[in-house]
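A quick write-up on the structure given underneath.
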Amino acid sequence: MAKRIGILGGTFDPVHIGHLRGALEVAEQFGLDELRLIPSARPPHRNTPQVSAADRLAMVEQAVAGLPPLTVDDRELRRDKPSYSIDTLESLRAELAPEDQLFLLLGWDAFCGLPTWHRWEELLDHCHILVLQRPDADSEPPESLRDLVAARSINDPQALTGPSGHIAFVWQTPLEVSATQIRQRLASGRSVRFLVPDAVLAYINAHGLYRAPTN
Ligand code: ATP
């Protein structure tokens with residue numbers, strides 16, 4: 001039987017309930033065998049993460065421990081090159097059977113930035129794309145994505161068939177949480193309780209992460 005594997009890439013600086021609820025809801029909705037969170041090492045599109053890759057990975061590991069089908073995949077941290085999604089997809093594909101279904105989860109903001117990604121037009125050769133609606137999302141994709149959305153999107157995500165090639169927009173419980181907001185709260189000494197899992201908060205506290213430097 002074809003396997004159904006989801007992947008959610010991100011800097012996870014730190015991982016938070018927005019990532020985890022989205023991942024869990026998609027995994028349930030699509031009956032995924034596994035949903036891998038894939039921390040990126042050197043994100044090509046953004047500033048250097050504030051904490052080390054090892055800490056970001058450890059926090060994701062804490063967050064998904066004992067929470068199947070969520071798992072962690074550290075392949076981008078083991079690679080000595082920028083973390084391009086196309087490389088990750090190709091390496092995952094090489095490990096799967098041709099009929100296995102791969103689902104790339106993207107938040108709405110990440111999806112809108114797709115045309116700036118390395119070899120972005122090849123992504124759908126390897127996977128389906130599931131776009132998670134975020135509360136702050138515009139309803140229309142940018143001009144550069146309109147043709148692709150018109151050609152590849154399907155209205156009923158449950159009708160997604162085949163190993164790759166389609167785009168579906170997926171509703172998730174809206175959680176207006178971002179890692180930026182969490183870093184800011186921590187830097188100013190405010191609580192992030194309930195915005196990250198308790199185990200992640202314990203890790204942040206134990207390692208003194210994201211605190212403003214003291215003089
Ligand atoms: P930052 O605030 O540092 O930019 P972030 O909270 O957006 O970080 P990322 O690690 O960049 O987190 O996100 C990884 C993926 O998760 C992206 O596809 C992003 O759109 C999605 N995502 C992040 N937060 C949410 C949320 N609250 N709801 C749905 N999707 C989210």
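Following the order of the structure tokens, chains are lettered A, B, ..., residues in each are numbered from 1, and ligands are numbered from 1.
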
Selection within 7 Å of ligand 1 by only C-alpha atoms and all ligand atoms, output as a ChimeraX atom specification: /A:8-13,15,18-19,22,105-110,132-134,174-181

Written selection (C-alpha atoms) as an mmCIF file, in the first residue's frame:
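File selection-v6.cif, as written:
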data_model
loop_
_atom_site.group_PDB
_atom_site.id
_atom_site.type_symbol
_atom_site.label_atom_id
_atom_site.label_comp_id
_atom_site.auth_asym_id
_atom_site.auth_seq_id
_atom_site.Cartn_x
_atom_site.Cartn_y
_atom_site.Cartn_z
ATOM 1 C CA LEU A 8 6.864 20.543 7.444
ATOM 2 C CA GLY A 9 10.082 22.486 7.111
ATOM 3 C CA GLY A 10 10.923 25.563 9.117
ATOM 4 C CA THR A 11 13.496 27.274 11.214
ATOM 5 C CA PHE A 12 11.569 26.295 14.360
ATOM 6 C CA ASP A 13 13.273 29.098 16.240
ATOM 7 C CA VAL A 15 8.871 25.321 17.479
ATOM 8 C CA GLY A 18 1.020 26.918 15.548
ATOM 9 C CA HIS A 19 3.405 24.435 13.908
ATOM 10 C CA GLY A 22 -1.210 22.484 12.046
ATOM 11 C CA LEU A 105 2.968 21.566 4.227
ATOM 12 C CA LEU A 106 3.386 25.285 3.842
ATOM 13 C CA GLY A 107 1.885 28.108 5.852
ATOM 14 C CA TRP A 108 0.171 30.704 3.712
ATOM 15 C CA ASP A 109 3.078 33.159 4.077
ATOM 16 C CA ALA A 110 5.590 30.527 2.992
ATOM 17 C CA LEU A 132 -2.202 25.878 5.801
ATOM 18 C CA GLN A 133 -4.415 28.901 6.155
ATOM 19 C CA ARG A 134 -3.104 31.351 8.696
ATOM 20 C CA PRO A 174 -6.361 29.465 13.518
ATOM 21 C CA LEU A 175 -3.574 30.141 15.972
ATOM 22 C CA GLU A 176 -2.012 33.529 15.631
ATOM 23 C CA VAL A 177 1.344 32.484 17.035
ATOM 24 C CA SER A 178 4.747 33.090 15.499
ATOM 25 C CA ALA A 179 8.277 32.298 16.568
ATOM 26 C CA THR A 180 9.090 35.999 16.219
ATOM 27 C CA GLN A 181 6.470 36.849 18.817
#

A:Lys3 surroundings by only C-alpha atoms, 9 Å radius, close-in-sequence under 2 positions cut, as a PyMOL selection string: chain A and resi 1+5+32-34+96-97+99-102

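Using only C-alpha atoms, the smallest distance between any of A:Ser52, A:Leu114, A:Ser83, A:Gln29 and A:Asp156 comes from A:Gln29.
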
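Minimum atom-to-atom distances from A:Pro115, A:Pro69, A:Gly162, A:Pro157 to A:Pro142 were compared using only C-alpha atoms, and the lowest value belongs to A:Pro115.
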
Backbone-only DSSP, strand (DSSP E or B) members of stretch 22-70 of chain A, as number ranges by chain: A: 34-39, 70

Residue nearest A:Pro82 - candidates A:Trp117, A:Ser40, A:Pro98, A:Leu148, atoms counted: only C-alpha atoms: A:Ser40

Residues near A:His126, cut-off 7 Å, only C-alpha atoms, skip fewer than 3 positions along chain, as a VMD selection string: chain A and resid 89 93 123 164

Please produce an output containing C-alpha atoms for each residue in the selection, written as an mmCIF file, in the first residue's frame.
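Contents of the output file result-v5.cif:
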data_model
loop_
_atom_site.group_PDB
_atom_site.id
_atom_site.type_symbol
_atom_site.label_atom_id
_atom_site.label_comp_id
_atom_site.auth_asym_id
_atom_site.auth_seq_id
_atom_site.Cartn_x
_atom_site.Cartn_y
_atom_site.Cartn_z
ATOM 1 C CA LEU A 89 12.334 16.432 -1.587
ATOM 2 C CA ARG A 93 11.861 10.635 -2.870
ATOM 3 C CA LEU A 123 8.562 21.027 -6.369
ATOM 4 C CA SER A 164 2.543 14.357 -6.366
#
